[in-house]
Amino acid sequence: MGEERGFVMAVEPTPEPLVVHVVPMRRRHVRGVLRIEQQVYPRPWTMSLFLSELALRSSRAYFVARVGRDVVGYAGIMLTGQDAHVTTIAVDPARHRQKIGTRLLLVLSREAIAREARSLTLEVRLSNRPAQELYRRFGFAPVGVRKNYYAETNEDALVMWAHEAQRPEYAALLDGIERQIEGETVVEAPRRW
Ligand SMILES: CC(C)(COP(=O)(O)OP(=O)(O)OC[C@H]1O[C@@H](n2cnc3c(N)ncnc32)[C@H](O)[C@@H]1OP(=O)(O)O)[C@@H](O)C(=O)NCCC(=O)NCCS
């Protein structure tokens, strides 16, 4: 029998483009959310805190990002009057820098706009430069400091605001951010009440 000689080529596998689903957070997601929450926050929210937030449908909107069946991130807003307050945003550390935070913030911002918010606001640790950079891209600017806001770690919060969210310029900013995301984002809109 003749000897067969084949070539084995060392080919770098091309990563599949990421498909991220962003869907309203439901009770069944909370376990996956807590798995991330416990990795990224020194004083994680509890299951019951998430569930009580989910129950406040008229003044809250929470979303999760999924890749396949895994929850890879989540974010929420509280709507008060004309302001939308970002209450939380986090991404699985194994999935950082894949624009999952950006996708979540896009969905949150558009939800805030759809629910007639004029401004968006949030607090962020003074030391959390990565998150501040993410927010800056979304038009958030620092307006002040809340002393010892994160009492558990004795840290101050930077308070950031993005104003005039109803203006077409803000929608255009969001569209520009969206265009820079590679891969696919499939968004499920929440039910309107
Ligand atoms: C902040 C956080 C949500 C960002 O999520 P992410 O999916 O990794 O962010 P993205 O990939 O969408 O990043 C968007 C931009 O934010 C900035 N950014 C994000 N992470 C960064 C990092 N580690 N260092 C520097 N810049 C960073 C960059 O400008 C980045 O754009 P680029 O990758 O094109 O340079 C994530 O780091 C996280 O979960 N951190 C722990 C929880 C937390 O701090 N939440 C915010 C509390 S206020």
# chains A, B, ... in the order shown; residues from 1 in each chain; ligands from 1
call {"tool": "residues_near_ligand", "arguments": {"ligand": "ligand 1", "cutoff": "8 Å", "atoms": "only C-alpha atoms and all ligand atoms", "output": "compact mmCIF listing (two decimals) with all heavy atoms, in the first residue's frame"}}
result
# COMPACT_ATOMS: atom_id res chain seq x y z
N GLU A 37 -23.07 39.11 39.00
CA GLU A 37 -23.14 40.13 40.07
C GLU A 37 -22.13 39.82 41.18
O GLU A 37 -21.43 40.69 41.67
CB GLU A 37 -24.58 40.12 40.61
CG GLU A 37 -24.88 41.05 41.75
CD GLU A 37 -25.12 42.50 41.34
OE1 GLU A 37 -25.21 42.78 40.14
OE2 GLU A 37 -25.19 43.35 42.26
N VAL A 40 -18.49 40.66 40.20
CA VAL A 40 -18.03 42.01 39.85
C VAL A 40 -18.31 43.07 40.91
O VAL A 40 -17.72 44.15 40.83
CB VAL A 40 -18.58 42.49 38.48
CG1 VAL A 40 -18.14 41.55 37.37
CG2 VAL A 40 -20.08 42.67 38.48
N TYR A 41 -19.18 42.80 41.86
CA TYR A 41 -19.50 43.84 42.85
C TYR A 41 -19.13 43.39 44.26
O TYR A 41 -19.42 42.27 44.65
CB TYR A 41 -20.99 44.19 42.81
CG TYR A 41 -21.37 44.99 41.58
CD1 TYR A 41 -22.36 44.54 40.71
CD2 TYR A 41 -20.74 46.20 41.29
CE1 TYR A 41 -22.71 45.27 39.58
CE2 TYR A 41 -21.08 46.93 40.16
CZ TYR A 41 -22.07 46.46 39.31
OH TYR A 41 -22.40 47.18 38.20
N GLY A 73 -24.54 39.36 30.54
CA GLY A 73 -24.55 40.73 31.04
C GLY A 73 -25.97 41.16 31.33
O GLY A 73 -26.93 40.47 30.94
N THR A 88 -27.95 49.66 37.36
CA THR A 88 -26.88 48.66 37.33
C THR A 88 -26.52 48.33 35.89
O THR A 88 -27.37 48.43 34.99
CB THR A 88 -27.30 47.37 38.08
OG1 THR A 88 -26.18 46.49 38.17
CG2 THR A 88 -28.45 46.64 37.39
N ILE A 89 -25.27 47.96 35.70
CA ILE A 89 -24.85 47.40 34.40
C ILE A 89 -23.60 46.57 34.67
O ILE A 89 -22.69 47.02 35.38
CB ILE A 89 -24.60 48.48 33.32
CG1 ILE A 89 -24.13 47.82 32.00
CG2 ILE A 89 -23.61 49.53 33.77
CD1 ILE A 89 -24.21 48.75 30.78
N ALA A 90 -23.59 45.36 34.17
CA ALA A 90 -22.41 44.50 34.37
C ALA A 90 -22.35 43.45 33.27
O ALA A 90 -23.38 43.04 32.74
CB ALA A 90 -22.45 43.82 35.74
N VAL A 91 -21.13 43.04 33.00
CA VAL A 91 -20.88 42.03 31.96
C VAL A 91 -19.99 40.95 32.58
O VAL A 91 -19.10 41.25 33.39
CB VAL A 91 -20.19 42.70 30.74
CG1 VAL A 91 -19.72 41.67 29.74
CG2 VAL A 91 -21.15 43.69 30.08
N ASP A 92 -20.24 39.73 32.20
CA ASP A 92 -19.40 38.60 32.63
C ASP A 92 -17.93 38.92 32.32
O ASP A 92 -17.60 39.24 31.18
CB ASP A 92 -19.85 37.36 31.84
CG ASP A 92 -19.12 36.11 32.26
OD1 ASP A 92 -18.03 36.21 32.85
OD2 ASP A 92 -19.64 35.02 31.96
N PRO A 93 -17.05 38.85 33.34
CA PRO A 93 -15.64 39.18 33.10
C PRO A 93 -15.03 38.39 31.94
O PRO A 93 -14.15 38.90 31.24
CB PRO A 93 -14.96 38.84 34.42
CG PRO A 93 -16.04 38.96 35.44
CD PRO A 93 -17.32 38.56 34.75
N ARG A 95 -16.33 37.92 29.23
CA ARG A 95 -16.87 38.50 27.99
C ARG A 95 -16.62 40.00 27.88
O ARG A 95 -17.28 40.67 27.08
CB ARG A 95 -18.38 38.24 27.92
CG ARG A 95 -18.75 36.79 27.71
CD ARG A 95 -18.76 36.50 26.24
NE ARG A 95 -19.17 35.15 25.94
CZ ARG A 95 -19.06 34.63 24.72
NH1 ARG A 95 -18.57 35.34 23.73
NH2 ARG A 95 -19.43 33.40 24.49
N HIS A 96 -15.73 40.52 28.71
CA HIS A 96 -15.47 41.96 28.61
C HIS A 96 -14.86 42.31 27.27
O HIS A 96 -14.25 41.50 26.61
CB HIS A 96 -14.52 42.40 29.74
CG HIS A 96 -15.20 42.56 31.06
ND1 HIS A 96 -14.54 42.96 32.21
CD2 HIS A 96 -16.50 42.40 31.42
CE1 HIS A 96 -15.40 43.04 33.22
NE2 HIS A 96 -16.59 42.69 32.77
N ARG A 97 -15.04 43.56 26.88
CA ARG A 97 -14.48 44.13 25.64
C ARG A 97 -15.03 43.48 24.39
O ARG A 97 -14.36 43.41 23.37
CB ARG A 97 -12.95 44.06 25.62
CG ARG A 97 -12.22 44.93 26.64
CD ARG A 97 -12.69 46.35 26.76
NE ARG A 97 -12.09 47.36 25.94
CZ ARG A 97 -10.94 47.96 26.19
NH1 ARG A 97 -10.23 47.63 27.24
NH2 ARG A 97 -10.49 48.92 25.40
N GLN A 98 -16.25 42.99 24.45
CA GLN A 98 -16.91 42.46 23.25
C GLN A 98 -18.15 43.29 22.94
O GLN A 98 -19.07 42.81 22.28
CB GLN A 98 -17.26 40.98 23.43
CG GLN A 98 -16.02 40.12 23.60
CD GLN A 98 -16.34 38.65 23.80
OE1 GLN A 98 -17.46 38.19 23.61
NE2 GLN A 98 -15.33 37.88 24.19
N LYS A 99 -18.15 44.50 23.48
CA LYS A 99 -19.24 45.46 23.24
C LYS A 99 -20.58 44.99 23.79
O LYS A 99 -21.63 45.41 23.30
CB LYS A 99 -19.39 45.76 21.74
CG LYS A 99 -18.13 46.31 21.11
CD LYS A 99 -18.06 47.80 21.23
CE LYS A 99 -16.99 48.35 20.30
NZ LYS A 99 -16.14 49.33 20.93
N ILE A 100 -20.52 44.14 24.77
CA ILE A 100 -21.79 43.70 25.37
C ILE A 100 -22.34 44.82 26.25
O ILE A 100 -23.54 45.11 26.21
CB ILE A 100 -21.59 42.36 26.11
CG1 ILE A 100 -21.34 41.28 25.06
CG2 ILE A 100 -22.82 42.02 26.97
CD1 ILE A 100 -20.85 39.97 25.57
N GLY A 101 -21.47 45.48 27.00
CA GLY A 101 -21.90 46.64 27.78
C GLY A 101 -22.47 47.72 26.87
O GLY A 101 -23.50 48.33 27.17
N THR A 102 -21.82 47.93 25.74
CA THR A 102 -22.30 48.93 24.77
C THR A 102 -23.69 48.54 24.25
O THR A 102 -24.59 49.39 24.17
CB THR A 102 -21.31 49.02 23.58
OG1 THR A 102 -20.05 49.43 24.09
CG2 THR A 102 -21.78 50.00 22.53
N ARG A 103 -23.87 47.27 23.91
CA ARG A 103 -25.18 46.83 23.40
C ARG A 103 -26.26 47.04 24.46
O ARG A 103 -27.37 47.48 24.17
CB ARG A 103 -25.14 45.35 23.01
CG ARG A 103 -24.26 45.06 21.81
CD ARG A 103 -24.17 43.54 21.61
NE ARG A 103 -22.79 43.17 21.34
CZ ARG A 103 -22.35 42.63 20.20
NH1 ARG A 103 -23.17 42.37 19.24
NH2 ARG A 103 -21.08 42.33 20.05
N LEU A 122 -26.38 58.48 36.17
CA LEU A 122 -25.85 57.32 36.88
C LEU A 122 -24.74 57.74 37.83
O LEU A 122 -24.22 58.86 37.73
CB LEU A 122 -25.31 56.28 35.88
CG LEU A 122 -24.32 56.77 34.83
CD1 LEU A 122 -22.91 56.85 35.38
CD2 LEU A 122 -24.33 55.86 33.63
N GLU A 123 -24.42 56.84 38.74
CA GLU A 123 -23.24 57.01 39.59
C GLU A 123 -22.24 55.93 39.21
O GLU A 123 -22.62 54.81 38.90
CB GLU A 123 -23.57 56.83 41.08
CG GLU A 123 -24.38 57.94 41.70
CD GLU A 123 -25.87 57.69 41.56
OE1 GLU A 123 -26.26 56.52 41.33
OE2 GLU A 123 -26.64 58.66 41.67
N VAL A 124 -20.98 56.29 39.30
CA VAL A 124 -19.93 55.31 38.99
C VAL A 124 -18.75 55.59 39.94
O VAL A 124 -18.49 56.75 40.28
CB VAL A 124 -19.51 55.39 37.50
CG1 VAL A 124 -19.15 56.80 37.06
CG2 VAL A 124 -18.41 54.42 37.15
N ARG A 125 -18.10 54.52 40.37
CA ARG A 125 -16.93 54.71 41.25
C ARG A 125 -15.90 55.60 40.57
O ARG A 125 -15.63 55.41 39.37
CB ARG A 125 -16.27 53.36 41.54
CG ARG A 125 -17.01 52.52 42.54
CD ARG A 125 -16.44 51.10 42.62
NE ARG A 125 -17.49 50.24 43.12
CZ ARG A 125 -17.75 50.05 44.41
NH1 ARG A 125 -16.99 50.60 45.32
NH2 ARG A 125 -18.76 49.29 44.79
N ASN A 128 -13.42 53.77 38.61
CA ASN A 128 -13.85 52.86 37.54
C ASN A 128 -13.74 53.53 36.17
O ASN A 128 -14.73 53.90 35.53
CB ASN A 128 -15.28 52.37 37.80
CG ASN A 128 -15.68 51.19 36.93
OD1 ASN A 128 -14.98 50.86 35.97
ND2 ASN A 128 -16.79 50.57 37.26
N ARG A 129 -12.53 53.69 35.72
CA ARG A 129 -12.28 54.38 34.45
C ARG A 129 -12.88 53.67 33.25
O ARG A 129 -13.41 54.32 32.35
CB ARG A 129 -10.77 54.60 34.24
CG ARG A 129 -10.17 55.59 35.22
CD ARG A 129 -10.93 56.90 35.08
NE ARG A 129 -10.58 57.85 36.12
CZ ARG A 129 -9.72 58.84 35.98
NH1 ARG A 129 -9.09 59.00 34.85
NH2 ARG A 129 -9.49 59.66 36.98
N PRO A 130 -12.80 52.32 33.17
CA PRO A 130 -13.42 51.65 32.01
C PRO A 130 -14.89 52.00 31.85
O PRO A 130 -15.35 52.35 30.75
CB PRO A 130 -13.23 50.16 32.32
CG PRO A 130 -12.07 50.11 33.25
CD PRO A 130 -12.11 51.37 34.04
N ALA A 131 -15.64 51.94 32.95
CA ALA A 131 -17.07 52.25 32.86
C ALA A 131 -17.27 53.72 32.49
O ALA A 131 -18.13 54.05 31.67
CB ALA A 131 -17.76 51.92 34.18
N GLN A 132 -16.45 54.60 33.07
CA GLN A 132 -16.61 56.04 32.75
C GLN A 132 -16.38 56.29 31.25
O GLN A 132 -17.05 57.12 30.64
CB GLN A 132 -15.63 56.87 33.57
CG GLN A 132 -16.01 56.95 35.03
CD GLN A 132 -14.89 57.48 35.91
OE1 GLN A 132 -14.06 58.28 35.48
NE2 GLN A 132 -14.83 57.00 37.13
N GLU A 133 -15.42 55.56 30.69
CA GLU A 133 -15.15 55.73 29.26
C GLU A 133 -16.34 55.25 28.42
O GLU A 133 -16.74 55.90 27.45
CB GLU A 133 -13.87 54.97 28.89
CG GLU A 133 -13.52 54.97 27.41
CD GLU A 133 -13.40 56.36 26.79
OE1 GLU A 133 -13.15 57.34 27.52
OE2 GLU A 133 -13.59 56.46 25.56
N LEU A 134 -16.92 54.13 28.84
CA LEU A 134 -18.13 53.63 28.16
C LEU A 134 -19.23 54.70 28.22
O LEU A 134 -19.86 55.02 27.20
CB LEU A 134 -18.58 52.33 28.84
CG LEU A 134 -19.95 51.77 28.48
CD1 LEU A 134 -19.98 51.33 27.02
CD2 LEU A 134 -20.29 50.57 29.38
N TYR A 135 -19.45 55.28 29.39
CA TYR A 135 -20.53 56.26 29.54
C TYR A 135 -20.23 57.54 28.76
O TYR A 135 -21.14 58.15 28.19
CB TYR A 135 -20.76 56.60 31.02
CG TYR A 135 -21.04 55.40 31.89
CD1 TYR A 135 -20.54 55.30 33.18
CD2 TYR A 135 -21.79 54.33 31.40
CE1 TYR A 135 -20.80 54.20 33.97
CE2 TYR A 135 -22.04 53.22 32.19
CZ TYR A 135 -21.53 53.16 33.47
OH TYR A 135 -21.79 52.06 34.24
N ARG A 137 -18.78 57.83 25.99
CA ARG A 137 -19.16 57.62 24.58
C ARG A 137 -20.64 57.81 24.35
O ARG A 137 -21.07 58.12 23.25
CB ARG A 137 -18.77 56.21 24.15
CG ARG A 137 -17.28 56.04 24.10
CD ARG A 137 -16.90 54.68 23.61
NE ARG A 137 -15.44 54.61 23.54
CZ ARG A 137 -14.78 53.73 22.84
NH1 ARG A 137 -15.42 52.81 22.15
NH2 ARG A 137 -13.47 53.72 22.84
call {"tool": "select_by_dssp", "arguments": {"residues": "chain A", "states": "strand (DSSP E)", "output": "PyMOL selection string"}}
result
chain A and resi 19-24+60-67+70-80+83-91+119-125+141-150+155-162+184-187
call {"tool": "closest_residue", "arguments": {"among": "A:Val22, A:Leu126, A:Val143, A:Ala61", "to": "Trp161 of chain A", "atoms": "only C-alpha atoms"}}
result
A:Val143
call {"tool": "closest_residue", "arguments": {"among": "A:Gly76, A:Ala172, A:Thr185, A:Pro142", "to": "Leu56 of chain A", "atoms": "only C-alpha atoms"}}
result
A:Gly76
call {"tool": "closest_residue", "arguments": {"among": "A:Ala112, A:Ala141, A:Ala171, A:Val107", "to": "Leu158 of chain A", "atoms": "only C-alpha atoms"}}
result
A:Ala141
call {"tool": "atom_distance", "arguments": {"atom1": "atom CA of Arg43 of chain A", "atom2": "atom CA of Glu155 of chain A"}}
result
12.8 Å
call {"tool": "closest_residue", "arguments": {"among": "A:Ser127, A:Gln180, A:Thr121, A:Asn148", "to": "His163 of chain A", "atoms": "only C-alpha atoms"}}
result
A:Thr121
call {"tool": "residues_around", "arguments": {"residues": "Ser48 of chain A", "least_positions_apart": "5", "cutoff": "10 Å", "atoms": "only C-alpha atoms", "output": "list in words"}}
result
Val30, Glu53 and Leu54 of chain A
call {"tool": "select_by_dssp", "arguments": {"residues": "segment 43-136 of chain A", "states": "alpha helix (DSSP H)", "output": "number ranges by chain"}}
result
A: 47-55, 100-114, 129-136
call {"tool": "write_last_selection", "arguments": {"atoms": "N, CA, C and O atoms", "output": "short mmCIF file (atom, residue, chain, number, x, y, z; two decimals), in the first residue's frame"}}
result
data_model
loop_
_atom_site.label_atom_id
_atom_site.label_comp_id
_atom_site.auth_asym_id
_atom_site.auth_seq_id
_atom_site.Cartn_x
_atom_site.Cartn_y
_atom_site.Cartn_z
N MET A 47 -30.94 37.95 45.18
CA MET A 47 -32.05 37.46 44.34
C MET A 47 -33.31 38.26 44.62
O MET A 47 -33.99 38.72 43.71
N SER A 48 -33.62 38.48 45.91
CA SER A 48 -34.90 39.15 46.21
C SER A 48 -34.86 40.60 45.77
O SER A 48 -35.90 41.15 45.36
N LEU A 49 -33.71 41.24 45.81
CA LEU A 49 -33.64 42.62 45.32
C LEU A 49 -33.92 42.68 43.82
O LEU A 49 -34.71 43.52 43.35
N PHE A 50 -33.31 41.76 43.06
CA PHE A 50 -33.60 41.74 41.62
C PHE A 50 -35.09 41.46 41.38
O PHE A 50 -35.72 42.11 40.54
N LEU A 51 -35.63 40.51 42.12
CA LEU A 51 -37.05 40.17 41.88
C LEU A 51 -37.95 41.34 42.22
O LEU A 51 -38.93 41.61 41.52
N SER A 52 -37.61 42.08 43.27
CA SER A 52 -38.48 43.21 43.62
C SER A 52 -38.33 44.32 42.57
O SER A 52 -39.31 45.00 42.24
N GLU A 53 -37.15 44.48 42.00
CA GLU A 53 -36.99 45.46 40.91
C GLU A 53 -37.83 45.03 39.70
O GLU A 53 -38.47 45.86 39.06
N LEU A 54 -37.79 43.74 39.37
CA LEU A 54 -38.54 43.26 38.20
C LEU A 54 -40.04 43.46 38.36
O LEU A 54 -40.77 43.63 37.38
N ALA A 55 -40.48 43.45 39.62
CA ALA A 55 -41.92 43.60 39.87
C ALA A 55 -42.39 45.04 39.63
O ALA A 55 -43.58 45.28 39.42
N ILE A 100 -20.52 44.14 24.77
CA ILE A 100 -21.79 43.70 25.37
C ILE A 100 -22.34 44.82 26.25
O ILE A 100 -23.54 45.11 26.21
N GLY A 101 -21.47 45.48 27.00
CA GLY A 101 -21.90 46.64 27.78
C GLY A 101 -22.47 47.72 26.87
O GLY A 101 -23.50 48.33 27.17
N THR A 102 -21.82 47.93 25.74
CA THR A 102 -22.30 48.93 24.77
C THR A 102 -23.69 48.54 24.25
O THR A 102 -24.59 49.39 24.17
N ARG A 103 -23.87 47.27 23.91
CA ARG A 103 -25.18 46.83 23.40
C ARG A 103 -26.26 47.04 24.46
O ARG A 103 -27.37 47.48 24.17
N LEU A 104 -25.92 46.72 25.72
CA LEU A 104 -26.91 46.88 26.79
C LEU A 104 -27.26 48.35 26.98
O LEU A 104 -28.42 48.72 27.14
N LEU A 105 -26.24 49.20 26.95
CA LEU A 105 -26.49 50.63 27.17
C LEU A 105 -27.27 51.24 26.00
O LEU A 105 -28.09 52.14 26.19
N LEU A 106 -27.05 50.72 24.81
CA LEU A 106 -27.85 51.17 23.66
C LEU A 106 -29.32 50.85 23.88
O LEU A 106 -30.19 51.71 23.68
N VAL A 107 -29.58 49.62 24.30
CA VAL A 107 -30.98 49.22 24.50
C VAL A 107 -31.59 50.02 25.65
O VAL A 107 -32.73 50.50 25.56
N LEU A 108 -30.83 50.21 26.72
CA LEU A 108 -31.34 50.99 27.87
C LEU A 108 -31.65 52.43 27.45
O LEU A 108 -32.69 52.98 27.81
N SER A 109 -30.74 53.04 26.72
CA SER A 109 -30.93 54.44 26.32
C SER A 109 -32.16 54.57 25.45
O SER A 109 -32.97 55.49 25.61
N ARG A 110 -32.31 53.65 24.50
CA ARG A 110 -33.48 53.73 23.60
C ARG A 110 -34.78 53.46 24.36
O ARG A 110 -35.80 54.04 24.06
N GLU A 111 -34.70 52.57 25.34
CA GLU A 111 -35.89 52.32 26.16
C GLU A 111 -36.24 53.59 26.95
O GLU A 111 -37.41 53.96 27.04
N ALA A 112 -35.22 54.25 27.50
CA ALA A 112 -35.45 55.49 28.26
C ALA A 112 -36.11 56.53 27.35
O ALA A 112 -37.06 57.22 27.75
N ILE A 113 -35.61 56.64 26.13
CA ILE A 113 -36.16 57.62 25.17
C ILE A 113 -37.61 57.26 24.84
O ILE A 113 -38.49 58.11 24.84
N ALA A 114 -37.85 55.96 24.60
CA ALA A 114 -39.21 55.52 24.28
C ALA A 114 -40.17 55.82 25.43
O ALA A 114 -41.35 56.05 25.22
N ARG A 129 -12.53 53.69 35.72
CA ARG A 129 -12.28 54.38 34.45
C ARG A 129 -12.88 53.67 33.25
O ARG A 129 -13.41 54.32 32.35
N PRO A 130 -12.80 52.32 33.17
CA PRO A 130 -13.42 51.65 32.01
C PRO A 130 -14.89 52.00 31.85
O PRO A 130 -15.35 52.35 30.75
N ALA A 131 -15.64 51.94 32.95
CA ALA A 131 -17.07 52.25 32.86
C ALA A 131 -17.27 53.72 32.49
O ALA A 131 -18.13 54.05 31.67
N GLN A 132 -16.45 54.60 33.07
CA GLN A 132 -16.61 56.04 32.75
C GLN A 132 -16.38 56.29 31.25
O GLN A 132 -17.05 57.12 30.64
N GLU A 133 -15.42 55.56 30.69
CA GLU A 133 -15.15 55.73 29.26
C GLU A 133 -16.34 55.25 28.42
O GLU A 133 -16.74 55.90 27.45
N LEU A 134 -16.92 54.13 28.84
CA LEU A 134 -18.13 53.63 28.16
C LEU A 134 -19.23 54.70 28.22
O LEU A 134 -19.86 55.02 27.20
N TYR A 135 -19.45 55.28 29.39
CA TYR A 135 -20.53 56.26 29.54
C TYR A 135 -20.23 57.54 28.76
O TYR A 135 -21.14 58.15 28.19
N ARG A 136 -18.97 57.93 28.74
CA ARG A 136 -18.59 59.16 28.01
C ARG A 136 -18.99 59.03 26.54
O ARG A 136 -19.49 59.96 25.93
#
call {"tool": "atom_distance", "arguments": {"atom1": "atom CA of Ser59 of chain A", "atom2": "atom CA of Asp175 of chain A"}}
result
25.2 Å
